[in-house]
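A.B. asks: Quick one: the structure is below, questions incoming.
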Number of protein chains: 2
Amino acid sequence: MAAADTSSPRERYRAQVREEIKEHAREQIATAGASALSLNAISKRMGMSGPALYRYFASRDALITELVKDAYRSLAGTFHDCAAAGGDLPALARALRDWALADPHRYFLVYGTPVPGYRAPEDTTLIAAEIMSVLLAACAAEDAPDAAAAGLDEHLAQHRTWAEDPADPPARLRRALLCWTRLHGVLSLELAGHFTGMGLDPSVLYDAEVRSLAAR
Amino acid sequence: MAAADTSSPRERYRAQVREEIKEHAREQIATAGASALSLNAISKRMGMSGPALYRYFASRDALITELVKDAYRSLAGTFHDCAAAGGDLPALARALRDWALADPHRYFLVYGTPVPGYRAPEDTTLIAAEIMSVLLAACAAEDAPDAAAAGLDEHLAQHRTWAEDPADPPARLRRALLCWTRLHGVLSLELAGHFTGMGLDPSVLYDAEVRSLAAR
DNA sequence: CGCGTTCGTTAGACGTTATAACGTCCAGCC
DNA sequence: GGCTGGACGTTATAACGTCTAACGAACGCG
């Protein structure tokens with residue numbers, strides 16, 4: 001924060017140009033997907049020449065990585081805001097779906113097909129942990145032991161590095177995990193258009209899954 | 001002539017070359033993902049020159065589309081085989097996971113991030129319906145009405161174009177749908193590597209979800 | 001004012017998809 | 001046997017992409 005105060009005009013201009021580049025990149029990704037992102041097209045639309053962008057981003061992958069990080073931060077922010085406003089688990093689920101539908105390609109930037117050579121930087125895993133933390137806090141309701149999940153609970157009791165609070169019972173970890181995987185299951189298939197050919201409304205399916213998760 | 005019945009040697013050679021091209025493409029996709037598929041690299045590895053491939057596939061997208069169709073057919077085949085061997089729902093789930101783990105990029109070819117301009121051809125939707133049909137048949141067990149899914153059942157009763165058998169109760173359609181979305185939720189996150197940073201075993205989570213689906 | 005860092009430029013190497021035009025070879029037909 | 005048409009593979013070329021190298025200009029700082 002204080003560093004932003006004392007930033008030189010040079011650095012402020014640099015940050016502004018970087019933001020403008022990312023803005024164009026986001027727009028391009030939203031219309032054509034991440035694989036179609038072209039530094040050349042961005043530079044042309046900004047009135048600059050191609051290699052000028054390399055003053056601001058080391059490579060195309062670096063730009064995409066930055067956008068992935070922004071997407072993570074954006075999702076974590078909406079989750080945090082929703083929880084701060086007293087949102088319970090269904091509210092969080094709604095916020096997640098709204099966030100995803102607002103920009104499907106941003107969702108796929110986070111949860112979509114991974115690029116083989118790509119390794120997630122440390123930041124993203126930290127933000128992912130933060131997202132899980134908010135979800136975990138919303139799963140604070142009573143948890144009855146589930147016979148079908150006994151093995152999972154035992155496994156979670158031993159591998160809980162992603163849940164910082166050691167007081168969380170395994171049943172709560174399990175519920176947060178299930179929220180994540182089940183909502184992602186419906187949402188990703190919806191965003192990929194796999195329901196359109198079947199003529200059914202994804203929101204109904206999503207809501208049913210949310211109710212099922214909240215009511216247990 | 002009788003040549004219309006049996007393929008001419010010309011056509012057999014053509015089919016063989018097409019298959020060899022697809023073989024190299026599959027290998028390339030398995031190691032570097034679909035976005036890294038290069039017709040140039042394939043042609044070089046086959047000892048041919050670049051544009052020669054255009055005699056066999058109209059474009060790069062056409063080749064990828066063919067591979068997507070093959071992946072669909074492969075999944076439908078393993079599903080069909082599993083069901084023909086008397087496999088129940090857990091067996092189908094295991095077959096799905098084995099199929100996905102055998103070649104993760106093939107799974108993403110079917111269920112991964114969609115390309116914006118891409119429209120699924122009619123064949124793939126037909127095969128997708130066949131896959132759902134097998135899944136539906138495996139969900140033939142008794143179905144108790146679920147309070148949280150009443151709205152979904154009603155919606156499914158009205159939009160059931162993807163289930164050809166009109167005798168299927170909505171509860172069974174719902175269960176098949178939930179199998180699909182929940183298993184995909186765990187599987188896609190696993191294949192994308194989102195669990196590796198959390199230090200937990202995806203197979204335990206997957207098995208728990210399978211048990212939860214089978215025991216209801 | 002001078003100097004150095006940063007910025008943006010052009011030139012170019014290299015790879016990609018895709019088309020056009022040109023040989024080449026084989027199958028079938030007279 | 002010889003001819004002809006079509007399929008095949010080639011080289012050449014265009015257009016676009018990332019990214020590096022080298023150069024000039026502009027800006028801020030001492």
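In the structure tokens, the first chain shown is A, the next is B, and so on; residue numbers restart at 1 for each chain, and ligands run from 1 in the order shown.
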Counting only C-alpha atoms (C1' of nucleotides), collect the residues of chain A whose closest atom lies at most 8 Å from chain C, and write them out as a PyMOL selection string.
C.D. replies: chain A and resi 48-49+52+55
A.B. asks: Using only C-alpha atoms, which residues of chain B come within 8 Å of chain A, and what is the closest atom pair for each, with the distance in Å to one decimal? Give it as JSON lines, sorted by chain and residue number.
C.D. replies:
```
{"residue": "B:Thr31", "atom": "CA", "partner": "A:Pro116", "partner_atom": "CA", "distance": 7.5}
{"residue": "B:Ala32", "atom": "CA", "partner": "A:Pro116", "partner_atom": "CA", "distance": 5.6}
{"residue": "B:Gly33", "atom": "CA", "partner": "A:Pro116", "partner_atom": "CA", "distance": 6.3}
{"residue": "B:Ser35", "atom": "CA", "partner": "A:Ser35", "partner_atom": "CA", "distance": 7.1}
{"residue": "B:Phe108", "atom": "CA", "partner": "A:Thr113", "partner_atom": "CA", "distance": 6.4}
{"residue": "B:Tyr111", "atom": "CA", "partner": "A:Leu189", "partner_atom": "CA", "distance": 7.4}
{"residue": "B:Gly112", "atom": "CA", "partner": "A:Thr113", "partner_atom": "CA", "distance": 5.4}
{"residue": "B:Thr113", "atom": "CA", "partner": "A:Gly112", "partner_atom": "CA", "distance": 5.4}
{"residue": "B:Pro114", "atom": "CA", "partner": "A:Ala192", "partner_atom": "CA", "distance": 5.6}
{"residue": "B:Val115", "atom": "CA", "partner": "A:Gly33", "partner_atom": "CA", "distance": 6.6}
{"residue": "B:Pro116", "atom": "CA", "partner": "A:Ala32", "partner_atom": "CA", "distance": 5.6}
{"residue": "B:Gly117", "atom": "CA", "partner": "A:Ala32", "partner_atom": "CA", "distance": 7.3}
{"residue": "B:Thr125", "atom": "CA", "partner": "A:Gly197", "partner_atom": "CA", "distance": 6.9}
{"residue": "B:Ala148", "atom": "CA", "partner": "A:Ser212", "partner_atom": "CA", "distance": 5.6}
{"residue": "B:Ala149", "atom": "CA", "partner": "A:Ala208", "partner_atom": "CA", "distance": 5.3}
{"residue": "B:Gly151", "atom": "CA", "partner": "A:Ala208", "partner_atom": "CA", "distance": 7.3}
{"residue": "B:Leu152", "atom": "CA", "partner": "A:Val204", "partner_atom": "CA", "distance": 5.9}
{"residue": "B:His155", "atom": "CA", "partner": "A:Val204", "partner_atom": "CA", "distance": 7.4}
{"residue": "B:Leu156", "atom": "CA", "partner": "A:Leu200", "partner_atom": "CA", "distance": 7.4}
{"residue": "B:His159", "atom": "CA", "partner": "A:Leu200", "partner_atom": "CA", "distance": 5.8}
{"residue": "B:Arg160", "atom": "CA", "partner": "A:Gly199", "partner_atom": "CA", "distance": 7.7}
{"residue": "B:Thr161", "atom": "CA", "partner": "A:Met198", "partner_atom": "CA", "distance": 6.4}
{"residue": "B:Trp162", "atom": "CA", "partner": "A:Met198", "partner_atom": "CA", "distance": 5.4}
{"residue": "B:Thr181", "atom": "CA", "partner": "A:Gly185", "partner_atom": "CA", "distance": 4.7}
{"residue": "B:Arg182", "atom": "CA", "partner": "A:Arg182", "partner_atom": "CA", "distance": 5.1}
{"residue": "B:Leu183", "atom": "CA", "partner": "A:Gly185", "partner_atom": "CA", "distance": 7.4}
{"residue": "B:His184", "atom": "CA", "partner": "A:Gly185", "partner_atom": "CA", "distance": 5.5}
{"residue": "B:Gly185", "atom": "CA", "partner": "A:Gly185", "partner_atom": "CA", "distance": 3.6}
{"residue": "B:Val186", "atom": "CA", "partner": "A:Thr181", "partner_atom": "CA", "distance": 5.3}
{"residue": "B:Leu189", "atom": "CA", "partner": "A:Thr181", "partner_atom": "CA", "distance": 7.4}
{"residue": "B:Ala192", "atom": "CA", "partner": "A:Pro114", "partner_atom": "CA", "distance": 5.6}
{"residue": "B:Gly197", "atom": "CA", "partner": "A:Thr125", "partner_atom": "CA", "distance": 6.9}
{"residue": "B:Met198", "atom": "CA", "partner": "A:Trp162", "partner_atom": "CA", "distance": 5.4}
{"residue": "B:Gly199", "atom": "CA", "partner": "A:His159", "partner_atom": "CA", "distance": 6.3}
{"residue": "B:Leu200", "atom": "CA", "partner": "A:His159", "partner_atom": "CA", "distance": 5.8}
{"residue": "B:Val204", "atom": "CA", "partner": "A:Leu152", "partner_atom": "CA", "distance": 5.9}
{"residue": "B:Leu205", "atom": "CA", "partner": "A:Leu152", "partner_atom": "CA", "distance": 6.2}
{"residue": "B:Ala208", "atom": "CA", "partner": "A:Ala149", "partner_atom": "CA", "distance": 5.3}
{"residue": "B:Glu209", "atom": "CA", "partner": "A:Ala149", "partner_atom": "CA", "distance": 8.0}
{"residue": "B:Arg211", "atom": "CA", "partner": "A:Ala148", "partner_atom": "CA", "distance": 5.6}
{"residue": "B:Ser212", "atom": "CA", "partner": "A:Ala148", "partner_atom": "CA", "distance": 5.6}
{"residue": "B:Ala215", "atom": "CA", "partner": "A:Ala148", "partner_atom": "CA", "distance": 7.4}
```
A.B. asks: Can you check which residues of chain B have any atom within 12 Å of chain D? Use only C-alpha atoms (C1' of nucleotides) and format it as a list in words.
C.D. replies: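 Close to chain D, chain B has Arg10, Glu11, Tyr13, Arg14, Val17, Ser43, Gly47, Met48, Ser49, Gly50, Pro51, Ala52, Leu53, Tyr54, Arg55 and Tyr56 of chain B.
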A.B. asks: Quick one: write out the picked residues with N, CA and C atoms as a CSV table (one decimal), in the first residue's frame?
C.D. replies:
```csv
chain,number,residue,atom,x,y,z
B,10,ARG,N,-7.1,-48.6,-53.2
B,10,ARG,CA,-6.8,-47.1,-53.0
B,10,ARG,C,-7.5,-46.6,-51.7
B,11,GLU,N,-8.7,-47.0,-51.6
B,11,GLU,CA,-9.4,-46.5,-50.4
B,11,GLU,C,-8.8,-47.1,-49.1
B,13,TYR,N,-5.7,-47.9,-48.6
B,13,TYR,CA,-4.5,-47.2,-48.4
B,13,TYR,C,-4.8,-45.9,-47.7
B,14,ARG,N,-5.8,-45.2,-48.3
B,14,ARG,CA,-6.2,-43.9,-47.7
B,14,ARG,C,-6.6,-44.0,-46.3
B,17,VAL,N,-3.5,-44.5,-44.1
B,17,VAL,CA,-2.8,-43.3,-43.8
B,17,VAL,C,-3.5,-42.4,-42.9
B,43,SER,N,3.5,-34.4,-40.0
B,43,SER,CA,3.9,-34.7,-41.3
B,43,SER,C,5.4,-35.0,-41.3
B,47,GLY,N,7.5,-38.5,-42.4
B,47,GLY,CA,8.3,-38.5,-43.5
B,47,GLY,C,7.7,-37.8,-44.7
B,48,MET,N,6.6,-37.1,-44.5
B,48,MET,CA,6.0,-36.4,-45.6
B,48,MET,C,6.2,-34.9,-45.4
B,49,SER,N,5.7,-34.2,-46.4
B,49,SER,CA,5.8,-32.7,-46.3
B,49,SER,C,4.5,-32.2,-45.8
B,50,GLY,N,4.6,-31.0,-45.3
B,50,GLY,CA,3.4,-30.4,-44.6
B,50,GLY,C,2.1,-30.5,-45.3
B,51,PRO,N,1.9,-29.9,-46.4
B,51,PRO,CA,0.6,-29.8,-47.1
B,51,PRO,C,0.1,-31.2,-47.5
B,52,ALA,N,0.9,-32.2,-47.4
B,52,ALA,CA,0.4,-33.5,-47.8
B,52,ALA,C,-0.8,-34.0,-46.9
B,53,LEU,N,-0.7,-33.6,-45.7
B,53,LEU,CA,-1.8,-34.0,-44.8
B,53,LEU,C,-3.2,-33.5,-45.2
B,54,TYR,N,-3.2,-32.4,-45.9
B,54,TYR,CA,-4.4,-31.8,-46.3
B,54,TYR,C,-5.2,-32.6,-47.3
B,55,ARG,N,-4.5,-33.6,-47.8
B,55,ARG,CA,-5.2,-34.6,-48.7
B,55,ARG,C,-6.1,-35.5,-47.8
B,56,TYR,N,-5.8,-35.6,-46.6
B,56,TYR,CA,-6.5,-36.5,-45.7
B,56,TYR,C,-7.4,-35.9,-44.7
```
A.B. asks: Name all residues at most 9 Å from region 131-137 of chain A (count only C-alpha atoms (C1' of nucleotides); drop same-chain ones fewer than 6 positions away) and give them as number ranges by chain.
C.D. replies: A: 72, 75-77, 79-80, 83, 89, 92, 162-164, 168, 172-173, 175-177, 179-180
A.B. asks: Based on the selection just made, write C-alpha atoms of those residues as a short mmCIF file (atom, residue, chain, number, x, y, z; two decimals), in the first residue's frame.
C.D. replies:
```
data_model
loop_
_atom_site.label_atom_id
_atom_site.label_comp_id
_atom_site.auth_asym_id
_atom_site.auth_seq_id
_atom_site.Cartn_x
_atom_site.Cartn_y
_atom_site.Cartn_z
CA TYR A 72 -8.31 -16.66 -8.79
CA LEU A 75 -13.21 -15.58 -7.28
CA ALA A 76 -11.65 -15.43 -3.83
CA GLY A 77 -12.83 -11.83 -3.54
CA PHE A 79 -16.38 -15.56 -2.04
CA HIS A 80 -14.95 -13.41 0.72
CA ALA A 83 -19.23 -14.65 3.35
CA LEU A 89 -23.67 -22.12 1.79
CA LEU A 92 -21.96 -18.99 -1.73
CA TRP A 162 -5.37 -27.69 3.15
CA ALA A 163 -7.47 -27.01 6.25
CA GLU A 164 -5.52 -24.86 8.63
CA ASP A 168 -12.45 -28.90 11.93
CA ARG A 172 -16.88 -30.80 7.67
CA LEU A 173 -13.85 -31.16 5.45
CA ARG A 175 -18.72 -31.60 3.08
CA ALA A 176 -16.64 -28.69 1.80
CA LEU A 177 -14.88 -30.99 -0.62
CA CYS A 179 -19.54 -28.88 -2.31
CA TRP A 180 -16.55 -28.07 -4.43
#
```
A.B. asks: Run DSSP on the backbone and give me the residues of region 51-136 of chain A it puts in alpha helix (DSSP H), as number ranges by chain.
C.D. replies: A: 60-84, 89-102, 104-111, 122-136
A.B. asks: Just how far from CA of Thr124 (chain A) is CA of Ala95 (chain A), in Å to one decimal?
C.D. replies: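 Calculated distance between CA of Ala95 (chain A) and CA of Thr124 (chain A) is 19.9 Å.
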A.B. asks: If I take CA of Ser38 (chain A) and CA of Phe57 (chain B), how far is one from the other in Å, to one decimal?
C.D. replies: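 So the two atoms, CA of Ser38 (chain A) and CA of Phe57 (chain B), lie 25.5 Å apart.
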A.B. asks: Tell me, in Å to one decimal, how far CA of Leu96 (chain A) is from CA of Glu19 (chain A).
C.D. replies: 24.7 Å
A.B. asks: Please provide as a ChimeraX atom specification all residues within 10 Å of Leu63 (chain B), with the sequence filter that same-chain residues fewer than 4 positions apart are discarded (counting only C-alpha atoms (C1' of nucleotides)).
C.D. replies: /B:18,21-22,25,37,39,53-54,56-59,67-69
